[in-house]
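Engineer: Structure in structure tokens, see below.
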Amino acid sequence: MFVLARGGEPLMPCHPARARELLDRGRAVIARQAPFTIRLKHRTRADSTVDGVQLRLDPGSRATGIAITDERRQAGPTGRTGLARRGLITIELRHRGRQIHKGMMRRAGYRRRRRSANLRYRAPRHDNRRRPKGWLAPSLRHRVESTTTLVSRLRRYAPIVEIHVEHAAFDTAAMTGIMAADLPKSPGSTCAGFEIREFLLAKWNRSCAYCGAERVPLNIEHVRPRSGGGSDRLSNLVLACVTCNQAKGTSPIEEFLADRPACLERVIAQLRRPLHDAAAMNSTRLLLTEALATLGVPVHRWSSGRTHWNRRVMGLPKSHTRDALATGVIDHERGDSLVRIPARVLVVTSVGRGSYARTTPDRFGFPRLKRPRGKMHHGYATGDLVAADVPRGRWAGRWVGRIAVRSSGQHRIATLTSRFDVSHGNLRLLQRADGYAYGCAPEMQLSGQRGAAYSGSTLKGGDPGNV
Ligand SMILES: [Zn+2]
């Protein structure tokens, strides 16, 4: 739980049980319902020790994992002192890119329909429109902006001193340096080796380079055999199924593919593709890192290969929040470890702040209903978190939930279990709408079903992973 000092400055987060105790004893008050934040009545920032916390981010297309962690030096199980990373609060931020995309498509459809209904021929317009540099589709821009907004708000509730973000799929610099020494024995046994395997899976599209077989075990194959002086450089490595691997043996690729010239050409062209091209740097990730850098906290960038490796060494199944927890350096050989994973995750869903549209259109895109100009009705706006005291009837009792307002004053409340109408007179405001809906879910329910099952130097081609 987030904790604020008497003056409102962020202090170190505390355990929910501790927050309950402080509230029960009257030493703190509730400062915010969601994310749940308490403010201490007596203690100021000056009399507290604030070590600072790290914010870790795993950006995804549908949801972004956020973890707030602290790190302490302590003796590990092997007796060596390493950094013990504790997960204090985990958050899953759910994006609404799909809804935005659908809304834009619908609007485009209405406009097209209205223009074509004019029934006179119009010559195609001269294409003189330019998109500004760095333009992103609104559905993608929303992902960057909502993540940055949430992070900058979290800075008000927690003393964030560092941001660690999963920035690129692969750490290309690390791979070019280490691979030659690392590969010969077991490519999956170190972090750099693991990145090489993930990189090859992405580069060769998780299929055999020679026959295109998918969802079969794939071996790392030297195009020019090592016995013939071939190197361990990435430009000499392909993925091959067991059959092709054995059929090729130590023969040169020109000989092995002599009867398939098209395939030979394709493999050689793919081999020469430069690292950064094959690694497919993600434009939204780049923009997100740039946006986070403007917040005034140092931002560190990491590869997702490193995150996978950290998670794999600890035997953790995949989820956005666990990926966020595992982002950054965890040097297991030095004795570093991840010692606490919060059991419950705060689920934050982007819900937007309503629509700019002034009318509700019919199915042809022509105005059907006028929408009210203002968002506030009888003191409430859609999305406000309220407590409702219903005196009688089927829904008699006390309820908490978000409301959708109506001009009649009969607002619709959505609680955890039900939806019904309440008069505005029976409502009490807990928190104003801020563009997000908040909920809570056990970590277990959020975990992905796709586990990475790698062993030895054989890779499962069917696992889509996080690439
Ligand atoms: Zn094959």
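Residues in the structure tokens are numbered from 1 in each chain, the chains being A, B, ... in the order shown, and ligands are numbered from 1 in the order shown.
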Which neighbours of A:Val390 fall inside 9 Å, counting only C-alpha atoms, when residues of the same chain fewer than 5 positions from it are skipped, and could you give them as a list of chain:residue names?

Structural biologist: A:Trp395, A:Ala396, A:Gly397, A:Arg398, A:Trp399, A:Val422, A:Ser423, A:Asn426, A:Leu427

Engineer: If you keep C-alpha atoms, can you produce a file of those selected residues as a PDB file, in the first residue's frame?

Structural biologist:
ATOM      1  CA  TRP A 395     -30.969  -3.203  -3.826  1.00  0.00           C
ATOM      2  CA  ALA A 396     -31.304  -1.951  -0.224  1.00  0.00           C
ATOM      3  CA  GLY A 397     -27.909  -1.652   1.462  1.00  0.00           C
ATOM      4  CA  ARG A 398     -24.478  -0.067   1.046  1.00  0.00           C
ATOM      5  CA  TRP A 399     -22.625  -0.367  -2.266  1.00  0.00           C
ATOM      6  CA  VAL A 422     -29.482   4.777  -7.931  1.00  0.00           C
ATOM      7  CA  SER A 423     -30.790   8.285  -7.392  1.00  0.00           C
ATOM      8  CA  ASN A 426     -28.248   8.478  -2.298  1.00  0.00           C
ATOM      9  CA  LEU A 427     -24.665   8.752  -3.558  1.00  0.00           C
TER      10      LEU A 427
END

Engineer: Report the closest atom pair, with its distance in Å rounded to one decimal, for each residue of chain A that has an atom no farther than 12 Å from ligand 1; count only C-alpha atoms and all ligand atoms, sort by chain and then rising residue number, and write it as a Markdown table.

Structural biologist:
| residue | atom | partner | partner_atom_place_in_ligand_line | distance |
| --- | --- | --- | --- | --- |
| A:Trp204 | CA | ligand 1 | 1 (Zn) | 11.9 |
| A:Arg206 | CA | ligand 1 | 1 (Zn) | 11.5 |
| A:Ser207 | CA | ligand 1 | 1 (Zn) | 8.0 |
| A:Cys208 | CA | ligand 1 | 1 (Zn) | 4.7 |
| A:Ala209 | CA | ligand 1 | 1 (Zn) | 6.6 |
| A:Tyr210 | CA | ligand 1 | 1 (Zn) | 5.1 |
| A:Cys211 | CA | ligand 1 | 1 (Zn) | 4.0 |
| A:Gly212 | CA | ligand 1 | 1 (Zn) | 6.0 |
| A:Ala213 | CA | ligand 1 | 1 (Zn) | 5.6 |
| A:Glu214 | CA | ligand 1 | 1 (Zn) | 8.8 |
| A:Arg215 | CA | ligand 1 | 1 (Zn) | 11.1 |
| A:Val216 | CA | ligand 1 | 1 (Zn) | 9.0 |
| A:Pro217 | CA | ligand 1 | 1 (Zn) | 9.9 |
| A:Leu218 | CA | ligand 1 | 1 (Zn) | 8.4 |
| A:Asn219 | CA | ligand 1 | 1 (Zn) | 9.8 |
| A:Ile220 | CA | ligand 1 | 1 (Zn) | 11.7 |
| A:Glu221 | CA | ligand 1 | 1 (Zn) | 11.0 |
| A:Val238 | CA | ligand 1 | 1 (Zn) | 10.9 |
| A:Leu239 | CA | ligand 1 | 1 (Zn) | 8.6 |
| A:Ala240 | CA | ligand 1 | 1 (Zn) | 5.3 |
| A:Cys241 | CA | ligand 1 | 1 (Zn) | 4.3 |
| A:Val242 | CA | ligand 1 | 1 (Zn) | 6.8 |
| A:Thr243 | CA | ligand 1 | 1 (Zn) | 5.9 |
| A:Cys244 | CA | ligand 1 | 1 (Zn) | 4.3 |
| A:Asn245 | CA | ligand 1 | 1 (Zn) | 7.1 |
| A:Gln246 | CA | ligand 1 | 1 (Zn) | 9.5 |
| A:Ala247 | CA | ligand 1 | 1 (Zn) | 9.1 |
| A:Lys248 | CA | ligand 1 | 1 (Zn) | 9.8 |
| A:Leu257 | CA | ligand 1 | 1 (Zn) | 11.8 |
| A:Cys263 | CA | ligand 1 | 1 (Zn) | 11.6 |
| A:Gly461 | CA | ligand 1 | 1 (Zn) | 11.6 |

Engineer: One number please: atom CA of A:Val161 to atom CA of A:Gly97, in Å, one decimal.

Structural biologist: 29.5 Å

Engineer: Residues of stretch 317-417 of chain A that approach stretch 27-42 of chain A to 12 Å or less, counting only C-alpha atoms: could you list each one with the shortest pair of atoms and its distance in Å to one decimal, rows by chain and increasing residue number, as a tab-separated table?

Structural biologist:
residue	atom	partner	partner_atom	distance
A:Val345	CA	A:Pro35	CA	11.1
A:Leu346	CA	A:Pro35	CA	7.7
A:Val347	CA	A:Pro35	CA	9.6
A:Val348	CA	A:Pro35	CA	8.9
A:Thr349	CA	A:Ala34	CA	11.9
A:Asp384	CA	A:Ala34	CA	11.5
A:Leu385	CA	A:Gln33	CA	8.7
A:Val386	CA	A:Gln33	CA	10.4
A:Ala387	CA	A:Gln33	CA	11.5
A:Val400	CA	A:Gln33	CA	11.0
A:Gly401	CA	A:Gln33	CA	11.3
A:Arg402	CA	A:Ala34	CA	11.8

Engineer: Which of these residues is nearest to A:Asp232, using only C-alpha atoms: A:Gly305, A:Gly352, A:Gly193, A:Pro252?

Structural biologist: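 Among A:Gly305, A:Gly352, A:Gly193, A:Pro252, it is A:Gly193 that comes nearest to A:Asp232.
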
Engineer: Would you list, as a list in words, the residues of stretch 190-304 of chain A that end up in strand (DSSP E) under DSSP run on this structure's backbone?

Structural biologist: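 Filtering stretch 190-304 of chain A to strand (DSSP E) leaves Pro217, Leu218, Asn219, Ile220, Glu221, His222, Leu237, Val238, Leu239, Ala240, Cys241, Val299, His300, Arg301, Trp302 and Ser303 of chain A.
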
Engineer: Do a neighbour search on A:Ala414 at 9 Å with only C-alpha atoms, toss out local chain neighbours closer than 2 positions, and write the hits as JSON, numbers by chain.

Structural biologist: {"A": [400, 401, 402, 403, 404, 412, 416, 417, 418, 419, 420, 421]}

Engineer: Quick one: residues within 6 Å of stretch 318-334 of chain A, only C-alpha atoms counted, chain neighbours fewer than 2 positions away excluded, as a list of chain:residue names?

Structural biologist: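 Counting only C-alpha atoms, the residues come to A:Arg56, A:Leu57, A:Asp58, A:Gly65, A:Ile66, A:Ala67, A:Gly82, A:Trp302, A:Thr307, A:Asn310, A:Asp336, A:Ser447, A:Gly448.
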
Engineer: Rank A:Arg312, A:Arg129, A:Arg143, A:Arg45 by their smallest atom-to-atom distance to A:Ala63, using only C-alpha atoms, and report the top residue only.

Structural biologist: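 Among A:Arg312, A:Arg129, A:Arg143, A:Arg45, it is A:Arg143 that comes nearest to A:Ala63.
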
Engineer: If you run DSSP on this backbone, which residues of stretch 128-367 of chain A come out as helix (DSSP H, G or I), and could you give them as a count of residues only?

Structural biologist: 104

Engineer: Between atom CA of A:Met314 and atom CA of A:Arg73, measure the distance and give it in Å to one decimal.

Structural biologist: 18.5 Å

Engineer: Counting only C-alpha atoms, which residue out of A:Thr149, A:Thr90, A:Ser61, A:Thr44 sits closest to A:Ala441?

Structural biologist: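 Closest residue, counting only C-alpha atoms: A:Thr90.
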
Engineer: From the list A:Ser251, A:Arg394, A:Ser407, A:Phe364, which residue is nearest A:Met376 when using only C-alpha atoms?

Structural biologist: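 Ranked by minimum distance to A:Met376, first place goes to A:Ser407.
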